[in-house]
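Undergrad: Just dropping this structure here.
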Amino acid sequence: MGISARELAAATPASRDRYVDLLRVASLGVVVLGHWLMAAVTADGQVGNLLAVVPGLQALTWVLQVMPVFFFVGGFSHALAHRSRPRYAAFLRARLQRLLRPTVVFIGVWGALALAVQLLGADGGLTGTALRLVTQPLWFIGIYLAMVALTPPLLKAHGRYGWGAFGALVAGAVLVDVLRFAAGVPYVEFLNFALVWLAVHQLGFLRADGMIRRPGLLAAAGLAGAGLLVALGPYPLSMVGMPGEKISNMAPPTLALLCHGLWLVGAVELLKGPGTRLTARARVWRAVVAANGIAMTAFLWHLTAMLGVYGGLLALGARLPEPATGAWWAQVPLRLAAAALLTALLVAVFRRFEQPVPAAPSTGSGGPLAALGITLALLGVLGLSLTGLGGLLEGHTATLIALRVTAPAAVAMALAGWFLVERAGRT
């Protein structure tokens with residue numbers, strides 16, 4: 001039997017930075033809530049985006065697009081974890097065990113469902129849309145895998161250059177956008193998937209060493225930079241991707257999104273004092289510990305729950321109101337409550353795959369095998385986020401940077417990568 005959240009909370013060492021754990025839970029919670037709210041499902045089962053229906057709401061993404069906070073927190077945690085486990089294979093296993101195991105289970109369950117649905121010829125309407133949408137959040141896991149893989153060299157650069165290492169990543173992101181928008185260099189924009197998110201991740205290293213001493217300045221610079229770029233440049237207002245837009249701040253990331261990340265990191269650092277006092281309360285800390293124990297499982301299955309709610313309403317013959325109408329807004333609390341309940345049921349079923357397992361004995365570094373494993377895993381996960389699970393039998397493909405990839409190939413790479421990471425350096 002696993003240790004309860006109450007026992008884990010009571011055993012928390014005084015040196016632990018509880019505010020970081022609060023940020024991790026809160027950022028994922030906001031992402032989940034945002035996905036539920038943005039889904040604009042019509043009576044014929046089409047899934048749109050509320051921000052496209054009501055463009056004025058796009059300004060809210062400057063507060064609610066909090067994925068940079070999660071990556072910032074990841075940088076902080078990875079710095080501490082690598083310093084306690086310097087061997088590459090051991091570091092990867094420790095950081096990825098609670099990430100890859102629930103992800104592989106999610107891929108396996110949905111892969112089997114997708115194959116069964118297609119064999120039965122029932123992959124039309126909302127079901128077909130679900131097969132395409134449920135894997136989209138996997139892009140976040142793919143990027144996170146890359147961050148874990150690159151932590152050792154980037155942490156070494158941080159130790160040598162400090163803010164200079166962060167500055168180099170920012171300069172790279174600036175150069176990419178100049179080449180993209182001013183010089184029209186093709187495909188260069190994909191480099192910012194690494195440069196922008198790794199720059200935010202690098203801020204976590206700086207926080208781990210107490211080097212973010214003027215968060216107000218960081219927040220002001222980021223907010224001013226994002227505002228100027230959106231007002232004067234080709235960057236859209238929304239900090240999340242919008243259907244049909246020619247330029248997205250998210251895919252691939254832009255300099256405007258990097259500035260947005262700086263603003264958010266500065267803002268959450270300004271709230272560190274109140275946040276630390278809040279997590280010092282026993283009841284609050286127990287809730288944070290409990291939520292951290294199921295966070296990845298809830299994130300993986302929250303879109304399944306949302307689509308399940310809408311699918312159930314359509315199956316029962318309920319007439320869905322037009323998105324953004326008064327009737328639609330009136331139903332929002334009920335839909336959110338239903339999605340939360342269904343997510344809780346899915347978490348109850350799958351949460352055991354997120355639970356820590358005892359460390360296996362290790363006989364050597366296993367570095368090359370671990371590097372190969374995490375590379376395959378991140379390529380597989382990113383590829384699956386692009387292909388979706390529709391068209392498995394037809395060999396539907398998508399372009400992952402410069403490579404054509406199919407869903408079966410992506411699944412195979414993810415599974416092989418997970419296996420190699422688990423085995424690297426073990427007896």
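Letters A, B, ... go to the chains of the structure tokens in the order shown; residues in each chain start at 1; ligands are counted from 1 in the same order.
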Just the residues within 12 Å of Leu60 of chain A, please, counting only C-alpha atoms, with nothing from its chain fewer than 3 positions along; format it as a list in words.
TA: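 Here the answer would be Gly34, Met38, Leu50, Leu51, Val54, Pro55, Gly56, Leu57, Val63, Leu64, Gln65, Val66, Leu237, Ser238, Met239 and Val240 of chain A.
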Undergrad: Just list as a PDB file with N, CA, C and O atoms, in the first residue's frame whatever in segment 11-85 of chain A DSSP marks as strand (DSSP E).
TA:
ATOM      1  N   ALA A  39     -13.118  24.803 -25.315  1.00  0.00           N
ATOM      2  CA  ALA A  39     -13.797  23.879 -26.225  1.00  0.00           C
ATOM      3  C   ALA A  39     -15.190  24.414 -26.552  1.00  0.00           C
ATOM      4  O   ALA A  39     -16.033  24.569 -25.672  1.00  0.00           O
ATOM      5  N   ALA A  40     -15.416  24.698 -27.824  1.00  0.00           N
ATOM      6  CA  ALA A  40     -16.718  25.196 -28.287  1.00  0.00           C
ATOM      7  C   ALA A  40     -17.319  24.139 -29.205  1.00  0.00           C
ATOM      8  O   ALA A  40     -17.076  24.136 -30.413  1.00  0.00           O
ATOM      9  N   VAL A  41     -18.066  23.194 -28.633  1.00  0.00           N
ATOM     10  CA  VAL A  41     -18.638  22.070 -29.376  1.00  0.00           C
ATOM     11  C   VAL A  41     -20.037  22.448 -29.849  1.00  0.00           C
ATOM     12  O   VAL A  41     -20.870  22.902 -29.063  1.00  0.00           O
ATOM     13  N   VAL A  47     -15.812  20.610 -33.060  1.00  0.00           N
ATOM     14  CA  VAL A  47     -15.127  21.222 -31.917  1.00  0.00           C
ATOM     15  C   VAL A  47     -14.366  22.448 -32.395  1.00  0.00           C
ATOM     16  O   VAL A  47     -13.441  22.348 -33.205  1.00  0.00           O
ATOM     17  N   GLY A  48     -14.765  23.614 -31.893  1.00  0.00           N
ATOM     18  CA  GLY A  48     -14.089  24.858 -32.217  1.00  0.00           C
ATOM     19  C   GLY A  48     -13.406  25.441 -31.002  1.00  0.00           C
ATOM     20  O   GLY A  48     -13.284  24.796 -29.955  1.00  0.00           O
ATOM     21  N   ASN A  49     -12.969  26.673 -31.134  1.00  0.00           N
ATOM     22  CA  ASN A  49     -12.231  27.357 -30.078  1.00  0.00           C
ATOM     23  C   ASN A  49     -12.999  28.610 -29.667  1.00  0.00           C
ATOM     24  O   ASN A  49     -13.295  29.463 -30.505  1.00  0.00           O
TER      25      ASN A  49
END
Undergrad: Counting only C-alpha atoms, which of A:Gly266, A:Gly383, A:Gly373, A:Gly273 gets nearest to Leu92 of chain A?
TA: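 Answer, going by the shortest atom-to-atom distance: A:Gly373.
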Undergrad: Interatomic distance between atom CA of Leu382 of chain A and atom CA of Gly308 of chain A?
TA: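 Separation of atom CA of Leu382 of chain A and atom CA of Gly308 of chain A: 23.9 Å.
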Undergrad: Hey, can you check how far atom CA of Ala10 of chain A sits from atom CA of Thr276 of chain A?
TA: 16.5 Å
Undergrad: Contacts of segment 410-414 of chain A at 6 Å or less, counting only C-alpha atoms, minus same-chain residues fewer than 2 places along, as a list in words?
TA: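 After dropping sequence-adjacent residues, the list is Leu376, Ala377, Gly380, Val381, Gly383, Leu384, Ala407, Pro408, Ala416 and Gly417 of chain A.
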Undergrad: Residues of the last selection are to be written out with N, CA, C and O atoms, as a PDB file, in the first residue's frame.
TA:
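The result, stored in selection22.pdb:
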ATOM      1  N   LEU A 376      14.209   8.756 -28.647  1.00  0.00           N
ATOM      2  CA  LEU A 376      13.101   8.036 -29.271  1.00  0.00           C
ATOM      3  C   LEU A 376      11.775   8.394 -28.605  1.00  0.00           C
ATOM      4  O   LEU A 376      10.753   8.576 -29.289  1.00  0.00           O
ATOM      5  N   ALA A 377      11.779   8.493 -27.281  1.00  0.00           N
ATOM      6  CA  ALA A 377      10.545   8.797 -26.565  1.00  0.00           C
ATOM      7  C   ALA A 377      10.007  10.177 -26.938  1.00  0.00           C
ATOM      8  O   ALA A 377       8.808  10.339 -27.206  1.00  0.00           O
ATOM      9  N   GLY A 380       8.703  10.158 -30.500  1.00  0.00           N
ATOM     10  CA  GLY A 380       7.442   9.434 -30.583  1.00  0.00           C
ATOM     11  C   GLY A 380       6.286  10.219 -30.013  1.00  0.00           C
ATOM     12  O   GLY A 380       5.207  10.304 -30.614  1.00  0.00           O
ATOM     13  N   VAL A 381       6.489  10.821 -28.859  1.00  0.00           N
ATOM     14  CA  VAL A 381       5.425  11.581 -28.209  1.00  0.00           C
ATOM     15  C   VAL A 381       5.068  12.818 -29.025  1.00  0.00           C
ATOM     16  O   VAL A 381       3.888  13.135 -29.220  1.00  0.00           O
ATOM     17  N   GLY A 383       5.577  13.224 -32.235  1.00  0.00           N
ATOM     18  CA  GLY A 383       4.942  12.773 -33.463  1.00  0.00           C
ATOM     19  C   GLY A 383       3.492  12.420 -33.261  1.00  0.00           C
ATOM     20  O   GLY A 383       2.624  12.776 -34.080  1.00  0.00           O
ATOM     21  N   LEU A 384       3.183  11.761 -32.153  1.00  0.00           N
ATOM     22  CA  LEU A 384       1.800  11.373 -31.874  1.00  0.00           C
ATOM     23  C   LEU A 384       0.923  12.579 -31.593  1.00  0.00           C
ATOM     24  O   LEU A 384      -0.273  12.588 -31.918  1.00  0.00           O
ATOM     25  N   ALA A 407       1.226   7.510 -37.055  1.00  0.00           N
ATOM     26  CA  ALA A 407       0.878   7.229 -35.667  1.00  0.00           C
ATOM     27  C   ALA A 407       1.466   5.902 -35.186  1.00  0.00           C
ATOM     28  O   ALA A 407       2.016   5.841 -34.074  1.00  0.00           O
ATOM     29  N   PRO A 408       1.379   4.796 -35.961  1.00  0.00           N
ATOM     30  CA  PRO A 408       2.006   3.550 -35.484  1.00  0.00           C
ATOM     31  C   PRO A 408       3.504   3.697 -35.240  1.00  0.00           C
ATOM     32  O   PRO A 408       4.035   3.171 -34.265  1.00  0.00           O
ATOM     33  N   ALA A 416       9.502   2.138 -27.371  1.00  0.00           N
ATOM     34  CA  ALA A 416      10.908   1.734 -27.367  1.00  0.00           C
ATOM     35  C   ALA A 416      11.749   2.674 -26.522  1.00  0.00           C
ATOM     36  O   ALA A 416      12.639   2.235 -25.764  1.00  0.00           O
ATOM     37  N   GLY A 417      11.494   3.976 -26.613  1.00  0.00           N
ATOM     38  CA  GLY A 417      12.234   4.943 -25.818  1.00  0.00           C
ATOM     39  C   GLY A 417      12.034   4.736 -24.342  1.00  0.00           C
ATOM     40  O   GLY A 417      12.990   4.782 -23.543  1.00  0.00           O
TER      41      GLY A 417
END
Undergrad: Between atom CA of Leu336 of chain A and atom CA of His302 of chain A, what distance in Å does the model show, to one decimal?
TA: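 Interatomic distance here is 10.9 Å.
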Undergrad: If you count only C-alpha atoms, which residues fall within 9 Å of Val309 of chain A, apart from same-chain ones fewer than 3 positions away, as a count of residues only?
TA: 10
